[in-house]
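Novice: Here you go, one structure.
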Amino acid sequence: MKIISTFFSVIFLVILLNTSIFSQTDTLHYGWTPAALVSINLAQASFSNWTQGGEDALAWNFIGTGGAKYKNPDWTFKNDLKLAYGRTKLGTDDYRTTDNEIYLESVISKNITWAVDPYFSNTLRTAVSSGYQYTDTSSVKVADFFDPGYLTQSLGFTYDHSEKFSTRLGVAIQEIFTNKFTFYSDDKSTLEVEKTKIETGIESSSSLAYDIMENMLFKSNLRLFTTFKAMDVWDVRWDNAIVAKINSYINVNLTWLVVYEKKQSPKTQAKETLQLGFTYILL
């Protein structure tokens with residue numbers, strides 16, 4: 001996993017070295033810039049007297065994104081929120097949860113006229129509702145709202161002089177909060193069951209938004225975290241989306257999410273979706 005995380009870091013470093021191309025075309029706006037968008041994505045299949053096999057299927061997910069950015073010549077303050085919840089039904093089976101996330105991030109940075117600026121960030125991650133691990137015959141509840149909940153504070157340096165690309169690297173403190181699902185926070189080396197866990201380490205976060213075509217956007221966010229106690233093991237979250245705009249309200253979305261967190265699973269997790277989406281811009 002160390003090789004994968006290093007490979008991802010190299011990719012974003014290469015992008016960083018080319019950000020002069022982006023910054024030449026960006027127009028920086030001072031003051032508050034709010035944004036809010038909601039979308040519902042659908043995928044459906046239905047069969048009647050179909051001899052070649054198949055089952056009725058319905059999948060949907062709701063995604064709400066919002067943010068507020070304040071900028072003046074000396075300070076930049078960014079707030080981003082993502083809410084995602086989705087379910088899938090196959091044949092006569094019960095609905096299964098496929099999307100279940102709240103992600104809130106705030107970053108404040110001071111312009112010191114360097115290529116990079118000092119920053120402080122605070123990030124919250126948790127589930128919207130109950131989350132399950134599914135097998136062919138059963139489902140096991142493994143998460144709920146703020147069970148676990150992750151809070152991460154980071155202090156370091158950031159590059160944020162482009163509307164298309166930003167990246168940051170800093171020392172971090174990560175707190176894990178649980179209630180029933182203590183396997184996310186419990187220290188197996190002690191007899192007591194810990195419901196909270198505090199880790200110190202290094203965090204890196206990079207975001208890219210690039211127009212592939214006039215009506216097609218590629219978005220990517222890569223987050224890496226490692227503790228000082230185990231710097232050979234990295235938590236990796238790589239969230240990618242290609243959004244093709246058909247008209248003002250309808251998009252086609254291809255998403256690809258890669259997650260590696262040893263506390264959750266010793267194997268790399270991956271999720272890919274292709275859906276038709278209905279989108280409305282609130283702000």
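By convention here, the chains of the structure tokens are called A, B, ... in the order presented, each chain's residues are numbered starting at 1, and ligands are numbered starting at 1 in the order presented.
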Can you pull out every residue from region 85-177 of chain A that DSSP, working from the backbone, puts in strand (DSSP E), and format the result as an MDAnalysis selection string?
Specialist: chainID A and resid 85:90 96:110 117:126 131:134 139:143 149:159 165:177
Novice: Pick from A:Ala209, A:Gln264, A:Tyr159, A:Phe120: nearest to Val171 (chain A), with only C-alpha atoms counted?
Specialist: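 Residue with the minimum atom-to-atom distance to Val171 (chain A): A:Phe120.
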Novice: Name all residues at most 12 Å from Val193 (chain A) (count only C-alpha atoms; drop same-chain ones fewer than 2 positions away) and give them as a PyMOL selection string.
Specialist: chain A and resi 178-191+195-197
Novice: With only C-alpha atoms as the atoms that count, which of A:Leu58, A:Ile176, A:Leu83, A:Ala241 lies nearest to Ser207 (chain A)?
Specialist: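 Using only C-alpha atoms, Ser207 (chain A) sits closest to A:Ala241.
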Novice: Which residues, written as a VMD selection string, have at least one atom at most 10 Å from region 64-79 of chain A, with only C-alpha atoms counted and residues fewer than 3 positions away on the same chain left out?
Specialist: chain A and resid 28 to 40 82 to 85 102 to 113 117 119 to 123 160 279 to 283
Novice: When you look at Ser205 (chain A) with a cut-off of 6 Å (counting only C-alpha atoms), what residues show up, excluding the ones that are within fewer than 2 positions of it in the same chain? I need them as number ranges by chain.
Specialist: A: 167-168, 222-223
Novice: Report as number ranges by chain all protein, DNA and RNA residues lying within 9 Å of Trp60 (chain A), evaluated on only C-alpha atoms, omitting residues in the same chain fewer than 3 positions from it.
Specialist: A: 40-44, 85-88, 98, 275
Novice: Tell me, as an NGL selection string, which residues lie within 8 Å of Tyr260 (chain A), counting only C-alpha atoms; anything in the same chain fewer than 6 positions away does not count.
Specialist: :A and (1 or 234-237 or 266-269)
Novice: Save out the residues we just selected, C-alpha atoms, as a tab-separated table (two decimals), in the first residue's frame.
Specialist:
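Listing of part16.tsv after writing:
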chain	number	residue	atom	x	y	z
A	1	MET	CA	0.00	0.00	0.00
A	234	TRP	CA	-0.98	5.05	4.78
A	235	ASP	CA	-4.71	5.66	4.75
A	236	VAL	CA	-5.67	6.46	1.16
A	237	ARG	CA	-8.87	7.97	-0.16
A	266	PRO	CA	-6.60	-5.24	5.03
A	267	LYS	CA	-7.51	-5.05	1.33
A	268	THR	CA	-7.95	-2.05	-0.96
A	269	GLN	CA	-11.61	-1.08	-1.44
Novice: State, in Å with one decimal place, the distance from CA of Val259 (chain A) to CA of Tyr150 (chain A).
Specialist: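 Value for the CA of Val259 (chain A)-CA of Tyr150 (chain A) distance: 15.0 Å.
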Novice: Mind checking DSSP for region 13-154 of chain A and telling me the helix (DSSP H, G or I) residues as an MDAnalysis selection string?
Specialist: chainID A and resid 13:17 19:25
Novice: Could you save the residues just selected, with C-alpha atoms, as a compact mmCIF listing (two decimals), in the first residue's frame?
Specialist:
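Saved as part-v9.txt:
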# COMPACT_ATOMS: atom_id res chain seq x y z
CA LEU A 13 3.40 16.43 -7.63
CA VAL A 14 3.64 16.36 -11.41
CA ILE A 15 0.35 18.27 -11.61
CA LEU A 16 1.67 20.77 -9.08
CA LEU A 17 4.73 21.45 -11.21
CA THR A 19 0.04 24.63 -12.10
CA SER A 20 1.56 27.72 -13.72
CA ILE A 21 -0.54 26.78 -16.75
CA PHE A 22 -3.68 26.85 -14.62
CA SER A 23 -2.87 30.06 -12.75
CA GLN A 24 -2.30 32.01 -15.95
CA THR A 25 -5.96 31.63 -16.89
Novice: Would you compute the distance between CA of Ala270 (chain A) and CA of Phe225 (chain A)? Give it in Å to one decimal.
Specialist: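 Distance between the two atoms: 17.9 Å.
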